[in-house]
Every structure is written in structure tokens, then in C-alpha cells.
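J.: Next up is a structure, given as C-alpha cells.
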Amino acid sequence: MNKKLPLCSFFLYSLQIYLKKMDSLTQIVLGGAIGNALLGRKLKNKAVLYGAIAGTVPDLDVLATFFTDPITALEFHRGITHSILFAIFGAFFFGYLLHWFERKKGVTYEEGCWFFFWGLFTHALLDVFTTWGTRVLWPMDYPFAFKSIFVIDPLYTIPFLFFLIRSMMEQTNIEKRLYFNKVGLYVSTVYLLLTLLLKAMAFYSFTAVLDQKHIAYKSMSVKPTAMNTILWTAIVETQDAFLIGEYSFFSDEPVTFQSYPKNHALIGGLENHQLITRLVKLSEGCYTFTEKNNEIYFNDLRFGVLREQGGEVQFAFSYKFDLDDKGELRAKEVKKDRGDGVKLLKSIWRKIWGLKED
């Protein structure tokens, strides 16, 4: 992986710029709406601007990618800056700045603190719903994740953005301004809660098939595919393999699972090597090893299969092991083709409707 690529656009190189903008836009809209609700009466559209800043601050942890290696940067992402501690102490600092800049508008220090606390903390709360997970109780090293919405979901962001813009257009009628802002907050919140229901329904569909086929499994992770909550995927761990299946609410196609052997024996006695244990932790235990041309690859299964061709499987995220000049083990992310992102989205679209692959 190029160290200078922003981590928040972690999906595919071919879509990384678009995804980065959409991910940032979602948090900007949420922060702007929170700011509008809290100080819209006093500051009007400036409250939206300050709220957008508050909603963006936690993701500044992506700057770590410029100062360290990609794996360390991934470990740092969604940690301290997404925690409730950061929201509390950050509120005191940024709240004072807001009070200092807008004291002539009547913004008190207390109002500034609450403004930035909710701006920072709602960012983390939204991330908890995503497939990535967030360590809101940092320094506790546990990523909380409902995994009910992809990091970018147009059905969440676009209606929310519409109502925020409509609210900002009301410069004189404050009650009407706050009404549209409130509608946007309600609609987005209801959609988030709906994703939990959709996940429960998808989870039941997957478990029903596993029980019907008498498949014994150790654990199962269910999450939506990219940019939608219609097509869901399940990663099922069995004794010697991981099963990956997909289920669409718009298709009558039966759920089938593809098996991918763990192949843990390929690394010999290196299972406790520091680099491998870090990768295992990042993958949340959903990983396999593969061998190609006498080279060993670590495959993070959380984001599924990128493509299958000629009997070869390319996962969305894979790392190739090799030795550096000092003989130390290192891992380098496998590069992806520019067209892979578009192909993947086309594949998701076909699977949503139960259409056959080209």
C-alpha cells in the first residue's frame, strides 16, 4: 500500500477518492446538523460550519499514514480520536475557541463545550454502526461495531444532506429552519435503526440455511456489502475453513456458501510472530493464508472476494509476506487493478437482483 493514501478511503484504489469524499461528507452532514440544532438560533449557517468542523476532527487520525507504516496507521485509526475521552477533553478546548470567536453572538463557554462534545461524540456513534468498528472506550482496545451499515451509504447521506441544505436556506424563519434540520436528524436516525432490523433478518436467513444443511460453525459475522443495505454477506468460521455467503432482499436466489480453507499450516511455526498477530487482530480473526508461486499471502476476509478467475481468488485485502534487507518478516498489501472497483460494484448490482454473472 502506498503510505500516502488516506486510510479513510480503505475500500478499493479505483474508488478511493470517491469514497473518501463520501465518507467525509457523511460526517460533515451529521456534524453540521448537530451544530445547527444546538446553536442554529444564534449562529445560523455558521453553526453548520462549526458543526461540520467538529464532525471532521476525529478523522484527522488518518494523518498517521504520513508518519508511520500502513499497518500501524490502521491500528491507530478509529482509536483515541474516536473515543468518549477525546470528546470530553476536546470539548473543553474547542469549546473555548468557539466561545472566544463567537462571544459577541452570545455563545457561552458552556454552550461551546456541549456543542463540540456532541459534534465529536456523534461522529464516533455513527462509526459504531459501520462495518469497521470504533474504540469508543479507548484506552480499552476493543472496537465496538454493529456492522449494520457500510462506511458509505447514499440512502443515509443523501436525504440527510437534502434536509440540511433546506434548513440552511431558511435565514429568517428560525422555527422553519430548525424544523427541517430536525426532520433530517429523525430520518437519518430511523434509517440507522432500520439497518439493525435488516441485519437481524439477514442473520436469520443465513442461520436458517446453515441449520438446514447441518453445518457446524464456530462464529458468524453478518454485514452489508458496499454502499447498500439490500445485499448482505456472512463470514462463517468452521473448524478448518471460512464460508462466505450472500443474501439479497430483492432476489429469490437461495443462499449458497463458498468455502475458503484457513491454511494456517502454511506459516509453519510463525503463528506467534508479532507481524502476524497484528494482522490477525486487524482482521478480527477472519483470515486465511494462501500460497502462490512459492509466496505466502495473508487474506483479510472482512471485505470479501474481489474477483475469482481461472481458479485463483483475489480478496479485497491481501498481504504478501517477504523478508526485508535485514531478514525481518514484513507484509506488503497486494495492489489492485484500477477497474476492480467498478467490476465489484457491477457484481453487487447483479447479485442484488439475482442476475447471472456475465
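Each chain in the C-alpha cells gets a letter, A, B and so on, in the order shown; residues start at 1 in every chain, and ligands are counted from 1 in the order they appear.
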Enumerate as a ChimeraX atom specification all residues of range 6-161 of chain A assigned to alpha helix (DSSP H) by DSSP on the backbone, naming them with the chain letters and numbers the document uses.
T.: /A:16-43,45-56,70-76,84-102,109-128,154-161
J.: Quick one: residues within 12 Å of range 100-109 of chain A, only C-alpha atoms, excluding same-chain residues fewer than 4 positions away - as a VMD selection string?
T.: chain A and resid 38 to 44 46 to 47 50 91 to 96 113 to 116
J.: Applying 9 Å and only C-alpha atoms, which residues near range 323-334 of chain A remain after dropping the ones on its own chain fewer than 2 positions away? List them as a list in words.
T.: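 Listing them by chain and then by number gives Met1, Asn2, Ile71, His273, Leu275, Ile276, Tyr297, Phe298, Phe317, Ser318, Tyr319, Lys320, Phe321 and Lys336 of chain A.
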J.: Need to verify the contact set: Thr130 in chain A, 10 Å, only C-alpha atoms, exclusion of same-chain residues closer than 2 positions in sequence. Can you return it as a list in words?
T.: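 Returned residues: Leu125, Leu126, Asp127, Val128, Trp132, Gly133, Thr134, Phe144, Ala145, Phe146, Lys147, Ser148, Ile149, Phe150, Val151, Ile152, Asp153, Leu192, Lys223 and Pro224 of chain A.
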J.: For Ile230 in chain A, list every protein, DNA or RNA residue within 9 Å, evaluated using only C-alpha atoms, and leave out those in the same chain fewer than 2 positions away; present the list as a list in words.
T.: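 Skipping anything fewer than 2 positions along the chain leaves Leu198, Pro224, Thr225, Asn228, Trp232, Tyr247, Ser248, Phe249, Phe250 and Ile352 of chain A.
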J.: Counting only C-alpha atoms, which of A:Thr290, A:Ser283, A:Ser347, A:Thr229 gets nearest to Leu194 in chain A?
T.: A:Thr229
J.: Using only C-alpha atoms, which protein or nucleic acid residues come within 8 Å of Leu164 in chain A? Drop anything in the same chain fewer than 4 positions from it, and give the result as a ChimeraX atom specification.
T.: /A:29,32-33,160,168,180-181,184
